[in-house]
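The structure under discussion appears below in the form of structure tokens.
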Amino acid sequence: MCEDSQHISEIVSRCKEVNPDLCVSVKIRILNNVERTIDLAQAIEKAGASFITIHARTIKERNVTPHFEYVEAVKKSVSIPVIYNGGVYSPDDIEPALTKTGADGVMCAQGLLNNPALFAGYSETPKRCVQDWVNIAITYGTTFVTFKHHLVFMLENVLPKHEKKIFNNLSTFAGTLDYLENNYGIVYQNILPGNGS
């Protein structure tokens with residue numbers, strides 16, 4: 001669906017028909033050339049999107065330098081706000097991305113998955129974030145796959161290589177919770193962050 005401008009436009013248009021005051025945003029990846037990417041963004045704008053977020057890599061690209069020029073070209077071709085996404089792993093990555101693209105804002109995804117406290121000044125996920133995630137996930141019945149998936153991201157820069165192998169092979173809530181308690185003193189508490197109860 002990523003390249004199907006008609007389908008995407010129909011979805012946006014329908015959302016706006018149901019509620020004209022609804023803020024509708026669309027996140028896309030760049031296409032294989034800048035002209036097609038611009039055409040897609042313009043179709044999304046014409047359909048009524050409030051803003052567009054552009055990941056500056058194609059669907060097939062991973063860990064390559066983002067294509068800032070694509071986002072810059074889209075920004076110049078539409079009148080709705082454009083949000084840049086791709087390769088933002090620290091607060092220091094924001095200003096260069098804005099400068100290179102002219103975007104109205106920046107979306108950070110992978111950097112925050114790896115460290116939810118990134119913008120609080122932490123260089124790696126603090127233990128408190130892991131504790132909060134355990135409490136939230138267990139309290140609200142998060143599936144094991146999602147629970148573990150987020151922990152793998154959060155502990156990516158915390159666990160030594162040999163510990164990652166052990167942690168990544170854990171396959172149950174009980175085993176994962178035992179690991180966290182034995183290695184980090186993290187124990188499930190039926191206390192949600194911010195409410196103290």
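Chain labels run A, B, ... following the order of the structure tokens; each chain numbers its residues from 1, and ligands are numbered from 1 in the order shown.
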
### Message
Quick check for you: according to DSSP on this backbone, which residues of stretch 1-76 of chain A are classed as strand (DSSP E or B)? Reply as a list in words.
### Response
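Here is the list: Ser25, Val26, Lys27, Ile28, Arg29, Phe51, Ile52, Thr53, Ile54 and His55 of chain A.
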
Just write the chosen residues, N, CA, C and O atoms, as a PDB file, in the first residue's frame.
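Saved result, part.pdb, follows:
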ATOM      1  N   SER A  25      -3.046  12.406   9.729  1.00  0.00           N
ATOM      2  CA  SER A  25      -1.663  12.426   9.274  1.00  0.00           C
ATOM      3  C   SER A  25      -1.346  11.117   8.563  1.00  0.00           C
ATOM      4  O   SER A  25      -1.988  10.103   8.808  1.00  0.00           O
ATOM      5  N   VAL A  26      -0.364  11.162   7.681  1.00  0.00           N
ATOM      6  CA  VAL A  26       0.058   9.981   6.944  1.00  0.00           C
ATOM      7  C   VAL A  26       1.573   9.892   7.044  1.00  0.00           C
ATOM      8  O   VAL A  26       2.270  10.898   6.883  1.00  0.00           O
ATOM      9  N   LYS A  27       2.065   8.683   7.322  1.00  0.00           N
ATOM     10  CA  LYS A  27       3.512   8.452   7.334  1.00  0.00           C
ATOM     11  C   LYS A  27       3.852   7.560   6.144  1.00  0.00           C
ATOM     12  O   LYS A  27       3.237   6.524   5.949  1.00  0.00           O
ATOM     13  N   ILE A  28       4.815   8.016   5.366  1.00  0.00           N
ATOM     14  CA  ILE A  28       5.244   7.245   4.196  1.00  0.00           C
ATOM     15  C   ILE A  28       6.756   7.074   4.237  1.00  0.00           C
ATOM     16  O   ILE A  28       7.455   7.751   4.988  1.00  0.00           O
ATOM     17  N   ARG A  29       7.228   6.172   3.410  1.00  0.00           N
ATOM     18  CA  ARG A  29       8.650   6.076   3.104  1.00  0.00           C
ATOM     19  C   ARG A  29       8.844   6.674   1.722  1.00  0.00           C
ATOM     20  O   ARG A  29       7.908   6.727   0.930  1.00  0.00           O
ATOM     21  N   PHE A  51      -1.002  16.732   7.957  1.00  0.00           N
ATOM     22  CA  PHE A  51       0.452  16.775   7.820  1.00  0.00           C
ATOM     23  C   PHE A  51       0.942  15.422   7.354  1.00  0.00           C
ATOM     24  O   PHE A  51       0.194  14.444   7.372  1.00  0.00           O
ATOM     25  N   ILE A  52       2.183  15.380   6.938  1.00  0.00           N
ATOM     26  CA  ILE A  52       2.761  14.141   6.422  1.00  0.00           C
ATOM     27  C   ILE A  52       4.120  13.911   7.069  1.00  0.00           C
ATOM     28  O   ILE A  52       4.886  14.858   7.265  1.00  0.00           O
ATOM     29  N   THR A  53       4.381  12.683   7.435  1.00  0.00           N
ATOM     30  CA  THR A  53       5.683  12.293   7.968  1.00  0.00           C
ATOM     31  C   THR A  53       6.363  11.430   6.917  1.00  0.00           C
ATOM     32  O   THR A  53       5.744  10.521   6.368  1.00  0.00           O
ATOM     33  N   ILE A  54       7.623  11.730   6.656  1.00  0.00           N
ATOM     34  CA  ILE A  54       8.356  11.014   5.619  1.00  0.00           C
ATOM     35  C   ILE A  54       9.594  10.362   6.200  1.00  0.00           C
ATOM     36  O   ILE A  54      10.489  11.042   6.705  1.00  0.00           O
ATOM     37  N   HIS A  55       9.616   9.040   6.120  1.00  0.00           N
ATOM     38  CA  HIS A  55      10.832   8.303   6.471  1.00  0.00           C
ATOM     39  C   HIS A  55      11.743   8.382   5.242  1.00  0.00           C
ATOM     40  O   HIS A  55      11.356   7.959   4.158  1.00  0.00           O
TER      41      HIS A  55
END

Write out as a compact mmCIF listing (two decimals) with N, CA and C atoms, in the first residue's frame which residues come within 12 Å of A:Pro20 when counting only C-alpha atoms, dropping same-chain ones fewer than 3 positions away.
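Just written: part_18.txt:
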# COMPACT_ATOMS: atom_id res chain seq x y z
N VAL A 12 -7.64 8.72 3.51
CA VAL A 12 -7.59 10.07 4.09
C VAL A 12 -8.91 10.80 3.84
N SER A 13 -9.38 10.77 2.60
CA SER A 13 -10.64 11.45 2.25
C SER A 13 -11.81 10.94 3.08
N ARG A 14 -11.87 9.63 3.26
CA ARG A 14 -12.97 9.04 4.03
C ARG A 14 -12.90 9.48 5.49
N CYS A 15 -11.72 9.52 6.05
CA CYS A 15 -11.56 9.99 7.43
C CYS A 15 -12.06 11.43 7.57
N LYS A 16 -11.73 12.26 6.60
CA LYS A 16 -12.15 13.66 6.64
C LYS A 16 -13.66 13.81 6.41
N GLU A 17 -14.25 12.91 5.61
CA GLU A 17 -15.70 12.93 5.41
C GLU A 17 -16.43 12.61 6.71
N CYS A 23 -7.80 15.63 12.70
CA CYS A 23 -6.42 15.79 12.22
C CYS A 23 -5.97 14.44 11.68
N VAL A 24 -5.74 14.37 10.38
CA VAL A 24 -5.34 13.13 9.74
C VAL A 24 -3.91 13.28 9.25
N ALA A 47 -5.92 15.01 -0.73
CA ALA A 47 -6.98 14.21 -0.10
C ALA A 47 -7.42 14.80 1.23
N GLY A 48 -6.63 15.73 1.79
CA GLY A 48 -7.03 16.39 3.02
C GLY A 48 -6.18 16.11 4.24
N ALA A 49 -5.03 15.48 4.05
CA ALA A 49 -4.16 15.21 5.21
C ALA A 49 -3.74 16.51 5.88
N SER A 50 -3.64 16.46 7.19
CA SER A 50 -3.24 17.63 7.97
C SER A 50 -1.73 17.84 7.96

### Task
Find the residues near A:Asn115: any atom within 8 Å, counting only C-alpha atoms, skip ones fewer than 3 places away on the same chain, and give them as a VMD selection string.
chain A and resid 111 to 112 118 122 to 125 153 to 154

Find the residues of stretch 12-40 of chain A that sit at most 8 Å from stretch 65-72 of chain A; for each, write down the nearest two atoms and how far apart they are in Å, to one decimal. Count only C-alpha atoms. Sort by chain, then by number going up, and give it as a tab-separated table.
residue	atom	partner	partner_atom	distance
A:Ile30	CA	A:Tyr70	CA	7.1
A:Val34	CA	A:Tyr70	CA	5.6
A:Thr37	CA	A:Tyr70	CA	7.4

Residues just named, written with C-alpha atoms as an mmCIF file, in the first residue's frame:
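Output contents, as saved in out_20.cif:
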data_model
loop_
_atom_site.group_PDB
_atom_site.id
_atom_site.type_symbol
_atom_site.label_atom_id
_atom_site.label_comp_id
_atom_site.auth_asym_id
_atom_site.auth_seq_id
_atom_site.Cartn_x
_atom_site.Cartn_y
_atom_site.Cartn_z
ATOM 1 C CA ILE A 30 10.325 7.636 0.117
ATOM 2 C CA VAL A 34 12.013 11.902 -5.923
ATOM 3 C CA THR A 37 7.653 10.642 -3.828
#

### Task
Give the answer as one residue: which of A:Thr99, A:Asn157, A:Thr143, A:Ser171 has the shortest atom-to-atom distance to A:Asn114, using only C-alpha atoms?
A:Asn157

### Message
Using only C-alpha atoms, can you tell me which of A:Asp92, A:Ala41, A:Lys165, A:Met107 comes closest to A:Ser77?
### Response
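Among A:Asp92, A:Ala41, A:Lys165, A:Met107, it is A:Ala41 that comes nearest to A:Ser77.
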
### Task
Could you please write out, as a ChimeraX atom specification, every residue of stretch 3-177 of chain A that DSSP assigns to alpha helix (DSSP H)?
/A:5-18,34-47,68-77,94-101,110-114,127-139,144-154,161-168,173-177

### Query
Pick from A:Ile59, A:Cys2, A:Leu180, A:Ile11: nearest to A:Leu159, with only C-alpha atoms counted?
A:Leu180

### Query
Between A:Gly175, A:Gly86, A:Pro96, A:Gly185, which is the closest to A:Phe144 once you count only C-alpha atoms?
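Comparing A:Gly175, A:Gly86, A:Pro96, A:Gly185 against A:Phe144, the winner is A:Gly175.
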
### Task
Can you work out which one of A:Gln131, A:Asn169, A:Ser79, A:Thr142 has the shortest atom-to-atom distance to A:Ile191, counting only C-alpha atoms?
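Of A:Gln131, A:Asn169, A:Ser79, A:Thr142, the one nearest A:Ile191, counting only C-alpha atoms, is A:Gln131.
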
### Message
With distances taken over only C-alpha atoms, which residue among A:Lys161, A:Val145, A:Leu155, A:Ile138 lies nearest A:Leu177?
### Response
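Counting only C-alpha atoms, the residue closest to A:Leu177 is A:Ile138.
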
### Message
Could you list, as a PyMOL selection string, every residue within 10 Å of A:Asn32, counting only C-alpha atoms and ignoring same-chain residues fewer than 6 positions away?
### Response
chain A and resi 3+57-60

### Task
Please provide as a list in words all residues within 7 Å of stretch 102-104 of chain A, with the sequence filter that same-chain residues fewer than 4 positions apart are discarded (counting only C-alpha atoms).
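Residues near the query, excluding close chain neighbours: Glu72, Lys75, Pro81, Val82, Ile83, Tyr84 and Leu98 of chain A.
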
### Task
State, in Å with one decimal place, the distance from atom CA of A:Pro160 to atom CA of A:Gly121.
21.6 Å

### Query
atom CA of A:Asn190 and atom CA of A:Ile136 are how many Å apart?
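Calculated distance between atom CA of A:Asn190 and atom CA of A:Ile136 is 8.3 Å.
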
#### Entry: Atom pair atom CA of A:Tyr89 / atom CA of A:Gly141: separation (Å)
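Straight-line distance from atom CA of A:Tyr89 to atom CA of A:Gly141 works out to 29.3 Å.
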
### Query
Skipping near chain neighbours, those fewer than 4 positions away, what residues fall within 10 Å of A:Cys129 using only C-alpha atoms, listed as number ranges by chain?
A: 115-117, 125, 133-135, 151, 154, 193

Dump of N, CA and C atoms for the selected residues, as a CSV table (one decimal), in the first residue's frame:
chain,number,residue,atom,x,y,z
A,115,ASN,N,16.0,3.7,23.7
A,115,ASN,CA,16.1,4.4,24.9
A,115,ASN,C,15.0,5.3,25.1
A,116,PRO,N,13.9,4.9,25.8
A,116,PRO,CA,12.7,5.8,26.0
A,116,PRO,C,13.1,7.0,26.8
A,117,ALA,N,14.2,7.1,27.5
A,117,ALA,CA,14.6,8.3,28.2
A,117,ALA,C,15.6,9.1,27.4
A,125,THR,N,19.1,3.2,28.2
A,125,THR,CA,17.9,3.1,29.0
A,125,THR,C,18.1,2.9,30.5
A,133,TRP,N,8.2,-0.1,32.3
A,133,TRP,CA,7.7,-1.0,31.2
A,133,TRP,C,7.1,-2.3,31.8
A,134,VAL,N,7.8,-2.9,32.7
A,134,VAL,CA,7.4,-4.2,33.2
A,134,VAL,C,6.0,-4.0,33.9
A,135,ASN,N,5.9,-2.9,34.7
A,135,ASN,CA,4.7,-2.6,35.5
A,135,ASN,C,3.5,-2.4,34.5
A,151,LEU,N,11.5,-4.9,25.4
A,151,LEU,CA,12.7,-5.1,26.3
A,151,LEU,C,14.0,-5.3,25.5
A,154,MET,N,15.0,-1.9,24.4
A,154,MET,CA,15.5,-1.1,25.6
A,154,MET,C,16.8,-1.5,26.1
A,193,PRO,N,3.4,4.1,36.5
A,193,PRO,CA,4.3,5.4,36.6
A,193,PRO,C,3.4,6.6,36.8

#### Entry: 7 Å contact set for A:Pro91, only C-alpha atoms, chain neighbours under 2 positions out, as a PyMOL selection string
chain A and resi 93-94+119
